file data38.cif (mmCIF, C-alpha atoms and all ligand atoms; chains and numbers go by the auth columns)
data_my_file
loop_
_atom_site.group_PDB
_atom_site.id
_atom_site.type_symbol
_atom_site.label_atom_id
_atom_site.label_comp_id
_atom_site.label_asym_id
_atom_site.label_seq_id
_atom_site.Cartn_x
_atom_site.Cartn_y
_atom_site.Cartn_z
_atom_site.B_iso_or_equiv
_atom_site.auth_seq_id
_atom_site.auth_asym_id
ATOM 1 C CA MET A 1 0.000 0.000 0.000 0.00 1 U
ATOM 2 C CA SER A 2 1.326 3.442 -0.817 0.00 2 U
ATOM 3 C CA ALA A 3 1.873 5.991 1.933 0.00 3 U
ATOM 4 C CA PRO A 4 -0.735 8.693 2.546 0.00 4 U
ATOM 5 C CA LEU A 5 -0.053 12.076 0.994 0.00 5 U
ATOM 6 C CA LEU A 6 0.337 13.655 4.404 0.00 6 U
ATOM 7 C CA GLU A 7 0.783 12.031 7.774 0.00 7 U
ATOM 8 C CA VAL A 8 1.117 13.751 11.113 0.00 8 U
ATOM 9 C CA ARG A 9 2.357 11.966 14.226 0.00 9 U
ATOM 10 C CA GLY A 10 2.330 13.270 17.769 0.00 10 U
ATOM 11 C CA LEU A 11 2.349 16.949 16.902 0.00 11 U
ATOM 12 C CA HIS A 12 2.810 19.398 19.789 0.00 12 U
ATOM 13 C CA LYS A 13 3.032 23.167 19.800 0.00 13 U
ATOM 14 C CA SER A 14 2.999 25.724 22.572 0.00 14 U
ATOM 15 C CA TYR A 15 3.668 29.426 22.683 0.00 15 U
ATOM 16 C CA GLN A 16 5.902 30.907 25.343 0.00 16 U
ATOM 17 C CA LEU A 17 4.756 34.370 26.273 0.00 17 U
ATOM 18 C CA LYS A 18 6.993 36.514 28.460 0.00 18 U
ATOM 19 C CA GLY A 19 6.408 35.981 32.167 0.00 19 U
ATOM 20 C CA ARG A 20 3.609 33.475 31.606 0.00 20 U
ATOM 21 C CA GLU A 21 3.164 29.734 31.667 0.00 21 U
ATOM 22 C CA PRO A 22 3.649 28.188 28.208 0.00 22 U
ATOM 23 C CA LEU A 23 0.380 28.114 26.311 0.00 23 U
ATOM 24 C CA GLU A 24 -0.030 24.635 24.870 0.00 24 U
ATOM 25 C CA ILE A 25 -2.103 24.978 21.718 0.00 25 U
ATOM 26 C CA ILE A 26 -1.643 21.595 20.071 0.00 26 U
ATOM 27 C CA HIS A 27 -0.970 18.557 22.155 0.00 27 U
ATOM 28 C CA GLY A 28 -0.725 15.299 20.404 0.00 28 U
ATOM 29 C CA ILE A 29 -2.273 15.538 16.960 0.00 29 U
ATOM 30 C CA ASP A 30 -2.155 12.478 14.710 0.00 30 U
ATOM 31 C CA PHE A 31 -3.884 12.151 11.375 0.00 31 U
ATOM 32 C CA GLN A 32 -3.502 11.143 7.763 0.00 32 U
ATOM 33 C CA LEU A 33 -4.727 12.726 4.577 0.00 33 U
ATOM 34 C CA GLY A 34 -4.899 10.596 1.465 0.00 34 U
ATOM 35 C CA THR A 35 -4.493 11.660 -2.144 0.00 35 U
ATOM 36 C CA GLY A 36 -7.780 13.067 -3.392 0.00 36 U
ATOM 37 C CA GLU A 37 -9.205 13.526 0.108 0.00 37 U
ATOM 38 C CA CYS A 38 -11.001 16.740 1.042 0.00 38 U
ATOM 39 C CA ARG A 39 -11.350 17.247 4.790 0.00 39 U
ATOM 40 C CA PRO A 40 -12.492 20.195 6.836 0.00 40 U
ATOM 41 C CA VAL A 41 -10.894 20.869 10.227 0.00 41 U
ATOM 42 C CA CYS A 42 -13.456 22.380 12.583 0.00 42 U
ATOM 43 C CA GLY A 43 -13.061 24.102 15.878 0.00 43 U
ATOM 44 C CA PRO A 44 -13.944 27.320 17.661 0.00 44 U
ATOM 45 C CA SER A 45 -11.890 30.478 17.415 0.00 45 U
ATOM 46 C CA GLY A 46 -8.601 30.070 19.264 0.00 46 U
ATOM 47 C CA ALA A 47 -8.637 26.265 19.000 0.00 47 U
ATOM 48 C CA GLY A 48 -5.356 26.215 17.082 0.00 48 U
ATOM 49 C CA LYS A 49 -6.622 25.700 13.533 0.00 49 U
ATOM 50 C CA SER A 50 -4.420 28.344 11.939 0.00 50 U
ATOM 51 C CA THR A 51 -1.458 27.223 14.013 0.00 51 U
ATOM 52 C CA LEU A 52 -1.928 23.661 12.732 0.00 52 U
ATOM 53 C CA LEU A 53 -2.185 24.832 9.138 0.00 53 U
ATOM 54 C CA HIS A 54 0.939 26.976 9.490 0.00 54 U
ATOM 55 C CA ILE A 55 2.863 23.997 10.841 0.00 55 U
ATOM 56 C CA LEU A 56 1.613 21.756 8.030 0.00 56 U
ATOM 57 C CA GLY A 57 2.618 24.402 5.491 0.00 57 U
ATOM 58 C CA GLY A 58 6.110 24.631 6.963 0.00 58 U
ATOM 59 C CA LEU A 59 5.533 28.239 8.013 0.00 59 U
ATOM 60 C CA GLU A 60 6.018 27.380 11.704 0.00 60 U
ATOM 61 C CA SER A 61 7.882 24.510 13.302 0.00 61 U
ATOM 62 C CA PRO A 62 6.284 22.049 15.643 0.00 62 U
ATOM 63 C CA GLU A 63 7.783 21.603 19.069 0.00 63 U
ATOM 64 C CA ARG A 64 7.511 17.849 18.888 0.00 64 U
ATOM 65 C CA GLY A 65 6.128 15.344 16.452 0.00 65 U
ATOM 66 C CA GLU A 66 6.650 14.470 12.878 0.00 66 U
ATOM 67 C CA ILE A 67 5.176 15.325 9.510 0.00 67 U
ATOM 68 C CA LEU A 68 5.562 12.840 6.663 0.00 68 U
ATOM 69 C CA TRP A 69 5.038 13.827 3.045 0.00 69 U
ATOM 70 C CA LYS A 70 4.302 10.838 0.790 0.00 70 U
ATOM 71 C CA GLY A 71 5.958 8.687 3.432 0.00 71 U
ATOM 72 C CA GLU A 72 9.097 10.819 3.667 0.00 72 U
ATOM 73 C CA SER A 73 9.893 12.360 7.038 0.00 73 U
ATOM 74 C CA THR A 74 10.281 16.136 6.892 0.00 74 U
ATOM 75 C CA ARG A 75 12.350 16.130 10.082 0.00 75 U
ATOM 76 C CA SER A 76 15.593 16.820 8.285 0.00 76 U
ATOM 77 C CA TRP A 77 14.184 19.389 5.881 0.00 77 U
ATOM 78 C CA ASP A 78 15.915 22.763 6.101 0.00 78 U
ATOM 79 C CA ARG A 79 14.357 26.099 5.154 0.00 79 U
ATOM 80 C CA THR A 80 15.361 25.705 1.516 0.00 80 U
ATOM 81 C CA ARG A 81 13.770 22.272 1.260 0.00 81 U
ATOM 82 C CA TRP A 82 10.561 23.581 2.868 0.00 82 U
ATOM 83 C CA ALA A 83 10.544 26.535 0.473 0.00 83 U
ATOM 84 C CA ILE A 84 10.898 24.246 -2.550 0.00 84 U
ATOM 85 C CA TRP A 85 8.156 21.999 -1.197 0.00 85 U
ATOM 86 C CA ARG A 86 5.838 24.957 -0.610 0.00 86 U
ATOM 87 C CA ARG A 87 6.402 26.177 -4.150 0.00 87 U
ATOM 88 C CA GLN A 88 5.863 22.801 -5.818 0.00 88 U
ATOM 89 C CA ALA A 89 3.547 20.810 -3.641 0.00 89 U
ATOM 90 C CA VAL A 90 1.124 23.082 -1.834 0.00 90 U
ATOM 91 C CA GLY A 91 -1.298 25.877 -2.651 0.00 91 U
ATOM 92 C CA PHE A 92 -2.591 28.246 0.030 0.00 92 U
ATOM 93 C CA VAL A 93 -5.935 30.010 0.225 0.00 93 U
ATOM 94 C CA PHE A 94 -6.305 32.572 3.021 0.00 94 U
ATOM 95 C CA GLN A 95 -9.270 34.305 4.601 0.00 95 U
ATOM 96 C CA SER A 96 -8.122 37.723 3.408 0.00 96 U
ATOM 97 C CA TYR A 97 -7.120 36.543 -0.106 0.00 97 U
ATOM 98 C CA HIS A 98 -3.516 37.832 0.083 0.00 98 U
ATOM 99 C CA LEU A 99 -3.446 38.949 -3.536 0.00 99 U
ATOM 100 C CA ILE A 100 -0.632 41.361 -4.370 0.00 100 U
ATOM 101 C CA PRO A 101 -2.376 44.747 -4.578 0.00 101 U
ATOM 102 C CA GLU A 102 -0.127 46.174 -7.302 0.00 102 U
ATOM 103 C CA LEU A 103 -0.643 43.205 -9.647 0.00 103 U
ATOM 104 C CA THR A 104 -3.638 42.507 -11.882 0.00 104 U
ATOM 105 C CA VAL A 105 -5.718 39.348 -11.558 0.00 105 U
ATOM 106 C CA GLU A 106 -3.795 37.788 -14.435 0.00 106 U
ATOM 107 C CA GLU A 107 -0.429 38.677 -12.912 0.00 107 U
ATOM 108 C CA ASN A 108 -1.469 37.377 -9.499 0.00 108 U
ATOM 109 C CA VAL A 109 -2.605 34.067 -10.965 0.00 109 U
ATOM 110 C CA ARG A 110 0.585 33.673 -13.018 0.00 110 U
ATOM 111 C CA LEU A 111 2.907 34.735 -10.201 0.00 111 U
ATOM 112 C CA PRO A 112 3.612 31.260 -8.720 0.00 112 U
ATOM 113 C CA ALA A 113 4.686 30.059 -12.170 0.00 113 U
ATOM 114 C CA MET A 114 6.900 33.086 -12.704 0.00 114 U
ATOM 115 C CA LEU A 115 8.580 32.578 -9.337 0.00 115 U
ATOM 116 C CA ALA A 116 9.088 28.884 -10.074 0.00 116 U
ATOM 117 C CA GLY A 117 10.303 29.514 -13.640 0.00 117 U
ATOM 118 C CA VAL A 118 7.518 27.330 -15.051 0.00 118 U
ATOM 119 C CA GLN A 119 6.030 27.934 -18.507 0.00 119 U
ATOM 120 C CA LEU A 120 2.255 27.773 -18.238 0.00 120 U
ATOM 121 C CA GLY A 121 1.285 28.005 -21.897 0.00 121 U
ATOM 122 C CA GLU A 122 -2.417 28.794 -22.038 0.00 122 U
ATOM 123 C CA LYS A 123 -3.262 26.934 -18.874 0.00 123 U
ATOM 124 C CA TRP A 124 -3.663 30.054 -16.778 0.00 124 U
ATOM 125 C CA GLU A 125 -6.270 31.350 -19.255 0.00 125 U
ATOM 126 C CA ASP A 126 -8.325 28.185 -18.829 0.00 126 U
ATOM 127 C CA LEU A 127 -8.016 28.559 -15.067 0.00 127 U
ATOM 128 C CA LEU A 128 -9.149 32.179 -15.163 0.00 128 U
ATOM 129 C CA ASP A 129 -12.085 31.065 -17.233 0.00 129 U
ATOM 130 C CA GLU A 130 -12.890 28.251 -14.813 0.00 130 U
ATOM 131 C CA VAL A 131 -13.069 30.661 -11.882 0.00 131 U
ATOM 132 C CA GLY A 132 -15.106 33.119 -13.978 0.00 132 U
ATOM 133 C CA MET A 133 -12.506 35.897 -13.923 0.00 133 U
ATOM 134 C CA THR A 134 -11.591 36.238 -17.598 0.00 134 U
ATOM 135 C CA LEU A 135 -13.345 39.589 -17.973 0.00 135 U
ATOM 136 C CA ARG A 136 -11.591 40.850 -14.843 0.00 136 U
ATOM 137 C CA ARG A 137 -8.099 39.759 -15.779 0.00 137 U
ATOM 138 C CA ASP A 138 -6.739 43.301 -16.072 0.00 138 U
ATOM 139 C CA HIS A 139 -8.291 44.497 -12.826 0.00 139 U
ATOM 140 C CA LEU A 140 -6.424 45.182 -9.615 0.00 140 U
ATOM 141 C CA PRO A 141 -7.568 43.449 -6.409 0.00 141 U
ATOM 142 C CA ALA A 142 -8.942 46.717 -5.003 0.00 142 U
ATOM 143 C CA GLU A 143 -11.354 46.893 -7.946 0.00 143 U
ATOM 144 C CA LEU A 144 -12.879 43.496 -7.135 0.00 144 U
ATOM 145 C CA SER A 145 -15.455 42.168 -4.692 0.00 145 U
ATOM 146 C CA GLY A 146 -14.319 39.771 -1.968 0.00 146 U
ATOM 147 C CA GLY A 147 -15.756 36.811 -3.850 0.00 147 U
ATOM 148 C CA GLU A 148 -13.905 37.798 -7.017 0.00 148 U
ATOM 149 C CA GLN A 149 -10.643 38.248 -5.131 0.00 149 U
ATOM 150 C CA GLN A 150 -11.015 34.827 -3.576 0.00 150 U
ATOM 151 C CA ARG A 151 -11.792 33.226 -6.952 0.00 151 U
ATOM 152 C CA ALA A 152 -8.563 34.729 -8.280 0.00 152 U
ATOM 153 C CA ALA A 153 -6.772 33.402 -5.196 0.00 153 U
ATOM 154 C CA VAL A 154 -8.199 29.917 -5.853 0.00 154 U
ATOM 155 C CA ALA A 155 -6.855 30.033 -9.412 0.00 155 U
ATOM 156 C CA ARG A 156 -3.468 31.157 -8.108 0.00 156 U
ATOM 157 C CA ALA A 157 -3.401 28.316 -5.565 0.00 157 U
ATOM 158 C CA LEU A 158 -4.080 25.737 -8.284 0.00 158 U
ATOM 159 C CA VAL A 159 -1.991 27.126 -11.130 0.00 159 U
ATOM 160 C CA LEU A 160 1.004 24.854 -10.511 0.00 160 U
ATOM 161 C CA GLU A 161 -1.273 21.877 -9.794 0.00 161 U
ATOM 162 C CA PRO A 162 -0.004 21.235 -6.258 0.00 162 U
ATOM 163 C CA ASP A 163 -0.955 17.951 -4.603 0.00 163 U
ATOM 164 C CA LEU A 164 -2.233 19.693 -1.478 0.00 164 U
ATOM 165 C CA ILE A 165 -4.365 22.770 -0.915 0.00 165 U
ATOM 166 C CA LEU A 166 -4.368 24.335 2.561 0.00 166 U
ATOM 167 C CA ALA A 167 -7.227 26.767 3.106 0.00 167 U
ATOM 168 C CA ASP A 168 -7.674 28.868 6.245 0.00 168 U
ATOM 169 C CA GLU A 169 -11.269 30.127 6.663 0.00 169 U
ATOM 170 C CA PRO A 170 -11.353 30.881 2.911 0.00 170 U
ATOM 171 C CA THR A 171 -14.941 32.116 3.042 0.00 171 U
ATOM 172 C CA GLY A 172 -14.685 33.924 6.377 0.00 172 U
ATOM 173 C CA ASN A 173 -14.820 37.402 4.819 0.00 173 U
ATOM 174 C CA LEU A 174 -17.590 36.673 2.308 0.00 174 U
ATOM 175 C CA ASP A 175 -21.354 37.074 2.425 0.00 175 U
ATOM 176 C CA ALA A 176 -23.347 33.836 2.524 0.00 176 U
ATOM 177 C CA ALA A 177 -24.056 33.608 -1.222 0.00 177 U
ATOM 178 C CA SER A 178 -20.459 34.331 -2.301 0.00 178 U
ATOM 179 C CA ALA A 179 -19.140 32.024 0.418 0.00 179 U
ATOM 180 C CA THR A 180 -21.144 29.079 -0.889 0.00 180 U
ATOM 181 C CA ALA A 181 -20.177 29.786 -4.497 0.00 181 U
ATOM 182 C CA VAL A 182 -16.450 30.115 -3.748 0.00 182 U
ATOM 183 C CA LEU A 183 -16.421 27.079 -1.488 0.00 183 U
ATOM 184 C CA ASP A 184 -18.212 24.850 -3.989 0.00 184 U
ATOM 185 C CA LEU A 185 -15.889 26.065 -6.748 0.00 185 U
ATOM 186 C CA LEU A 186 -12.789 25.324 -4.668 0.00 186 U
ATOM 187 C CA VAL A 187 -13.970 21.834 -3.723 0.00 187 U
ATOM 188 C CA LYS A 188 -15.050 21.039 -7.298 0.00 188 U
ATOM 189 C CA MET A 189 -11.723 22.144 -8.762 0.00 189 U
ATOM 190 C CA VAL A 190 -9.717 20.215 -6.166 0.00 190 U
ATOM 191 C CA ARG A 191 -11.802 17.063 -6.724 0.00 191 U
ATOM 192 C CA GLU A 192 -11.650 17.243 -10.507 0.00 192 U
ATOM 193 C CA ARG A 193 -7.871 17.380 -10.293 0.00 193 U
ATOM 194 C CA GLN A 194 -7.814 14.559 -7.702 0.00 194 U
ATOM 195 C CA LYS A 195 -5.858 16.766 -5.341 0.00 195 U
ATOM 196 C CA SER A 196 -6.200 16.926 -1.550 0.00 196 U
ATOM 197 C CA LEU A 197 -7.679 19.691 0.550 0.00 197 U
ATOM 198 C CA LEU A 198 -7.472 20.586 4.231 0.00 198 U
ATOM 199 C CA LEU A 199 -9.783 23.472 4.984 0.00 199 U
ATOM 200 C CA VAL A 200 -10.019 24.940 8.463 0.00 200 U
ATOM 201 C CA THR A 201 -13.199 26.642 9.556 0.00 201 U
ATOM 202 C CA HIS A 202 -15.183 27.499 12.679 0.00 202 U
ATOM 203 C CA ASP A 203 -18.366 27.168 10.614 0.00 203 U
ATOM 204 C CA GLU A 204 -20.111 23.781 10.630 0.00 204 U
ATOM 205 C CA THR A 205 -22.115 24.612 7.504 0.00 205 U
ATOM 206 C CA VAL A 206 -18.926 25.333 5.598 0.00 206 U
ATOM 207 C CA ALA A 207 -17.380 22.113 6.904 0.00 207 U
ATOM 208 C CA GLY A 208 -20.413 20.116 5.809 0.00 208 U
ATOM 209 C CA ARG A 209 -19.914 21.201 2.191 0.00 209 U
ATOM 210 C CA VAL A 210 -16.296 20.030 2.143 0.00 210 U
ATOM 211 C CA GLY A 211 -16.343 16.527 3.585 0.00 211 U
ATOM 212 C CA THR A 212 -16.180 14.527 6.794 0.00 212 U
ATOM 213 C CA PRO A 213 -14.750 16.854 9.413 0.00 213 U
ATOM 214 C CA PHE A 214 -11.857 16.505 11.748 0.00 214 U
ATOM 215 C CA ARG A 215 -12.459 18.412 14.945 0.00 215 U
ATOM 216 C CA ILE A 216 -9.903 20.198 17.116 0.00 216 U
ATOM 217 C CA THR A 217 -10.826 19.920 20.780 0.00 217 U
ATOM 218 C CA ASP A 218 -8.433 20.646 23.628 0.00 218 U
ATOM 219 C CA GLY A 219 -5.489 20.634 21.273 0.00 219 U
ATOM 220 C CA ARG A 220 -6.283 17.242 19.784 0.00 220 U
ATOM 221 C CA LEU A 221 -7.767 16.232 16.475 0.00 221 U
ATOM 222 C CA THR A 222 -10.651 13.786 16.415 0.00 222 U
ATOM 223 C CA GLU A 223 -12.986 12.432 13.781 0.00 223 U
ATOM 224 C CA ALA A 224 -16.203 14.443 13.987 0.00 224 U
ATOM 225 C CA SER A 225 -18.314 11.407 14.764 0.00 225 U
ATOM 226 C CA ALA A 226 -16.002 10.177 17.544 0.00 226 U
HETATM 227 N N1 LIG B . 2.586 33.701 17.631 0.00 301 U
HETATM 228 C C1 LIG B . 1.814 33.466 18.700 0.00 301 U
HETATM 229 N N2 LIG B . 2.245 33.755 19.948 0.00 301 U
HETATM 230 C C2 LIG B . 1.474 33.499 21.014 0.00 301 U
HETATM 231 N N3 LIG B . 0.254 32.952 20.974 0.00 301 U
HETATM 232 C C3 LIG B . -0.249 32.656 19.766 0.00 301 U
HETATM 233 C C4 LIG B . 0.507 32.885 18.561 0.00 301 U
HETATM 234 N N4 LIG B . -0.244 32.465 17.506 0.00 301 U
HETATM 235 C C5 LIG B . -1.407 32.008 18.030 0.00 301 U
HETATM 236 N N5 LIG B . -1.404 32.108 19.385 0.00 301 U
HETATM 237 C C6 LIG B . -2.475 31.667 20.262 0.00 301 U
HETATM 238 O O1 LIG B . -2.756 30.321 19.962 0.00 301 U
HETATM 239 C C7 LIG B . -4.150 30.075 20.062 0.00 301 U
HETATM 240 C C8 LIG B . -4.645 29.435 18.794 0.00 301 U
HETATM 241 O O2 LIG B . -4.556 30.373 17.729 0.00 301 U
HETATM 242 P P1 LIG B . -5.007 30.039 16.249 0.00 301 U
HETATM 243 O O3 LIG B . -4.229 28.874 15.763 0.00 301 U
HETATM 244 O O4 LIG B . -4.899 31.293 15.481 0.00 301 U
HETATM 245 O O5 LIG B . -6.523 29.613 16.458 0.00 301 U
HETATM 246 P P2 LIG B . -7.720 29.492 15.410 0.00 301 U
HETATM 247 O O6 LIG B . -7.160 29.629 14.038 0.00 301 U
HETATM 248 O O7 LIG B . -8.339 28.151 15.672 0.00 301 U
HETATM 249 O O8 LIG B . -8.671 30.588 15.743 0.00 301 U
HETATM 250 C C9 LIG B . -4.814 31.394 20.406 0.00 301 U
HETATM 251 O O9 LIG B . -5.063 31.411 21.788 0.00 301 U
HETATM 252 C C10 LIG B . -3.771 32.403 20.027 0.00 301 U
HETATM 253 O O10 LIG B . -3.881 33.533 20.846 0.00 301 U
HETATM 254 MG MG MG B . -7.497 30.964 12.543 0.00 302 U
#

call {"tool": "encode", "arguments": {"input": "data38.cif", "output": "structure tokens", "more": "lines below"}}
Ligand SMILES: Nc1ncnc2c1ncn2[C@@H]1O[C@H](COP(=O)(O)OP(=O)(O)O)[C@@H](O)[C@H]1O
Ligand SMILES: [Mg+2]
result
Amino acid sequence: MSAPLLEVRGLHKSYQLKGREPLEIIHGIDFQLGTGECRPVCGPSGAGKSTLLHILGGLESPERGEILWKGESTRSWDRTRWAIWRRQAVGFVFQSYHLIPELTVEENVRLPAMLAGVQLGEKWEDLLDEVGMTLRRDHLPAELSGGEQQRAAVARALVLEPDLILADEPTGNLDAASATAVLDLLVKMVRERQKSLLLVTHDETVAGRVGTPFRITDGRLTEASA
């Protein structure tokens, strides 16, 4: 049997604030995510969802525990290796879109390829079309609605066809109708490409549209039904 895409074993993380007891946010998280799996991670505000996603994206280091990528331990990965992995293997979608304000929609979507030195051909045009942003390709982020910005961000996250998409409250800034549209688009595009998605949210309705939830409670991750 082949290894899962992502496996997490015994993850721990605490924050040390000056003059205070360490704040243990994540204590003992284990889970696996298979290729083509879409899973929401639910939990209330402050539960450690963003912290977990940052650790999984190599943006923060865990205090203890291990992350395996396609069966390979990341323990010995240095910053350069993490940076290469982030560029090739993962796409991020954030609550506040994080588009570059000075770049047009087209430039934002093509940026990951430019940074990676990858020739996209016409693929980015198909992607823009798929997220319904072709007519807005020359617009700057400030000229777009939240839903439009997030659709551009979804295209940017998928442009290099990463195996994993990490999304942090991607619909948290959107009104209900745009939220549903963006979420369904993201899930559809990830599924069609047989990629994997971890999407963190405090919103059970959002989670229900993505898949069977994991839940963060008291710093641990459980299956929603458990
Ligand atoms: N850099 C940091 N330093 C200290 N505490 C932090 C830091 N980042 C997050 N925290 C704390 O960790 C807890 C979990 O935060 P977070 O992962 O952002 O939760 P969530 O995304 O589930 O709302 C919160 O109590 C937050 O205040
Ligand atoms: Mg958060």

call {"tool": "closest_residue", "arguments": {"input": "data38.cif", "among": "U:Ala176, U:Leu23, U:Leu128, U:Val109", "to": "ligand LIG 301 (chain U)", "atoms": "all atoms listed in the file"}}
result
U:Leu23

call {"tool": "closest_residue", "arguments": {"input": "data38.cif", "among": "U:Thr212, U:Ser145, U:Thr222, U:Ser50", "to": "Ser178 of chain U", "atoms": "all atoms listed in the file"}}
result
U:Ser145

call {"tool": "atom_distance", "arguments": {"input": "data38.cif", "atom1": "atom CA of Leu33 of chain U", "atom2": "atom CA of Gln194 of chain U"}}
result
12.8 Å

call {"tool": "closest_residue", "arguments": {"input": "data38.cif", "among": "U:Lys123, U:His139, U:Arg209, U:Lys49", "to": "Ala155 of chain U", "atoms": "only C-alpha atoms"}}
result
U:Lys123

call {"tool": "closest_residue", "arguments": {"input": "data38.cif", "among": "U:Ala157, U:Leu144, U:Leu53, U:Ala181", "to": "ligand LIG 301 (chain U)", "atoms": "all atoms listed in the file"}}
result
U:Leu53

call {"tool": "resolve_selection", "arguments": {"input": "data38.cif", "expression": "the PyMOL selection byres (((not hetatm)) within 10 of (chain U and resi 302))", "output": "PDB file with C-alpha atoms, in the frame of the given file"}}
result
ATOM      1  CA  GLY U  43     -13.061  24.102  15.878  1.00  0.00           C
ATOM      2  CA  PRO U  44     -13.944  27.320  17.661  1.00  0.00           C
ATOM      3  CA  SER U  45     -11.890  30.478  17.415  1.00  0.00           C
ATOM      4  CA  GLY U  46      -8.601  30.070  19.264  1.00  0.00           C
ATOM      5  CA  ALA U  47      -8.637  26.265  19.000  1.00  0.00           C
ATOM      6  CA  GLY U  48      -5.356  26.215  17.082  1.00  0.00           C
ATOM      7  CA  LYS U  49      -6.622  25.700  13.533  1.00  0.00           C
ATOM      8  CA  SER U  50      -4.420  28.344  11.939  1.00  0.00           C
ATOM      9  CA  THR U  51      -1.458  27.223  14.013  1.00  0.00           C
ATOM     10  CA  LEU U  52      -1.928  23.661  12.732  1.00  0.00           C
ATOM     11  CA  LEU U  53      -2.185  24.832   9.138  1.00  0.00           C
ATOM     12  CA  HIS U  54       0.939  26.976   9.490  1.00  0.00           C
ATOM     13  CA  PHE U  94      -6.305  32.572   3.021  1.00  0.00           C
ATOM     14  CA  GLN U  95      -9.270  34.305   4.601  1.00  0.00           C
ATOM     15  CA  ASP U 168      -7.674  28.868   6.245  1.00  0.00           C
ATOM     16  CA  GLU U 169     -11.269  30.127   6.663  1.00  0.00           C
ATOM     17  CA  GLY U 172     -14.685  33.924   6.377  1.00  0.00           C
ATOM     18  CA  VAL U 200     -10.019  24.940   8.463  1.00  0.00           C
ATOM     19  CA  THR U 201     -13.199  26.642   9.556  1.00  0.00           C
ATOM     20  CA  HIS U 202     -15.183  27.499  12.679  1.00  0.00           C
TER      21      HIS U 202
END

call {"tool": "closest_residue", "arguments": {"input": "data38.cif", "among": "U:Glu66, U:Glu148, U:Leu185, U:Pro170", "to": "ligand LIG 301 (chain U)", "atoms": "only C-alpha atoms and all ligand atoms"}}
result
U:Pro170

call {"tool": "resolve_selection", "arguments": {"input": "data38.cif", "expression": "the PyMOL selection byres (((chain U and resi 29) around 8) and not hetatm)", "output": "compact mmCIF listing (two decimals) with C-alpha atoms, in the coordinates of the input"}}
result
# COMPACT_ATOMS: atom_id res chain seq x y z
CA VAL U 8 1.12 13.75 11.11
CA ARG U 9 2.36 11.97 14.23
CA GLY U 10 2.33 13.27 17.77
CA LEU U 11 2.35 16.95 16.90
CA HIS U 12 2.81 19.40 19.79
CA ILE U 26 -1.64 21.60 20.07
CA HIS U 27 -0.97 18.56 22.16
CA GLY U 28 -0.72 15.30 20.40
CA ASP U 30 -2.15 12.48 14.71
CA PHE U 31 -3.88 12.15 11.38
CA GLY U 219 -5.49 20.63 21.27
CA ARG U 220 -6.28 17.24 19.78
CA LEU U 221 -7.77 16.23 16.48

call {"tool": "resolve_selection", "arguments": {"input": "data38.cif", "expression": "the PyMOL selection byres (((chain U and resi 37) around 12) and not hetatm)", "output": "list in words"}}
result
Pro4, Leu5, Leu6, Gln32, Leu33, Gly34, Thr35, Gly36, Cys38, Arg39, Pro40, Asp163, Leu164, Ile165, Val187, Val190, Arg191, Glu192, Arg193, Gln194, Lys195, Ser196, Leu197, Leu198, Leu199, Val210, Gly211, Thr212 and Pro213 of chain U

call {"tool": "residues_around", "arguments": {"input": "data38.cif", "residues": "segment 113-121 of chain U", "least_positions_apart": "6", "cutoff": "8 Å", "atoms": "all atoms listed in the file", "output": "list in words"}}
result
Arg87, Val159 and Leu160 of chain U

call {"tool": "closest_residue", "arguments": {"input": "data38.cif", "among": "U:Glu72, U:Asp138, U:Glu161, U:Glu125", "to": "Phe92 of chain U", "atoms": "only C-alpha atoms"}}
result
U:Glu161

call {"tool": "atom_distance", "arguments": {"input": "data38.cif", "atom1": "atom C9 of ligand LIG 301 (chain U)", "atom2": "atom CA of Gly19 of chain U"}}
result
16.9 Å

call {"tool": "residues_around", "arguments": {"input": "data38.cif", "residues": "Pro141 of chain U", "least_positions_apart": "4", "cutoff": "9 Å", "atoms": "only C-alpha atoms", "output": "ChimeraX atom specification"}}
result
/U:99-105,145-146,148-149,152

call {"tool": "axis_aligned_box", "arguments": {"input": "data38.cif", "around": "segment 35-50 of chain U", "padding_each_side": "6 Å", "output": "JSON"}}
result
{"center_x": -9.2, "center_y": 21.1, "center_z": 7.9, "size_x": 21.5, "size_y": 30.8, "size_z": 34.7}

call {"tool": "atom_distance", "arguments": {"input": "data38.cif", "atom1": "atom O4 of ligand LIG 301 (chain U)", "atom2": "atom CA of Gly57 of chain U"}}
result
14.3 Å

call {"tool": "build_atoms", "arguments": {"input": "data38.cif", "residues": "segment 84-88 of chain U", "atoms": "N, CA, C and O atoms", "output": "PDB file, in the frame of the given file"}}
result
ATOM      1  N   ILE U  84      11.107  24.941  -1.270  1.00  0.00           N
ATOM      2  CA  ILE U  84      10.898  24.246  -2.550  1.00  0.00           C
ATOM      3  C   ILE U  84       9.589  23.459  -2.498  1.00  0.00           C
ATOM      4  O   ILE U  84       8.775  23.494  -3.420  1.00  0.00           O
ATOM      5  N   TRP U  85       9.390  22.777  -1.371  1.00  0.00           N
ATOM      6  CA  TRP U  85       8.156  21.999  -1.197  1.00  0.00           C
ATOM      7  C   TRP U  85       6.925  22.896  -1.287  1.00  0.00           C
ATOM      8  O   TRP U  85       5.952  22.572  -1.969  1.00  0.00           O
ATOM      9  N   ARG U  86       6.990  24.037  -0.588  1.00  0.00           N
ATOM     10  CA  ARG U  86       5.838  24.957  -0.610  1.00  0.00           C
ATOM     11  C   ARG U  86       5.536  25.428  -2.032  1.00  0.00           C
ATOM     12  O   ARG U  86       4.382  25.544  -2.424  1.00  0.00           O
ATOM     13  N   ARG U  87       6.593  25.676  -2.800  1.00  0.00           N
ATOM     14  CA  ARG U  87       6.402  26.177  -4.150  1.00  0.00           C
ATOM     15  C   ARG U  87       5.815  25.106  -5.066  1.00  0.00           C
ATOM     16  O   ARG U  87       4.983  25.377  -5.914  1.00  0.00           O
ATOM     17  N   GLN U  88       6.250  23.855  -4.868  1.00  0.00           N
ATOM     18  CA  GLN U  88       5.863  22.801  -5.818  1.00  0.00           C
ATOM     19  C   GLN U  88       4.623  22.020  -5.400  1.00  0.00           C
ATOM     20  O   GLN U  88       3.888  21.529  -6.237  1.00  0.00           O
TER      21      GLN U  88
END
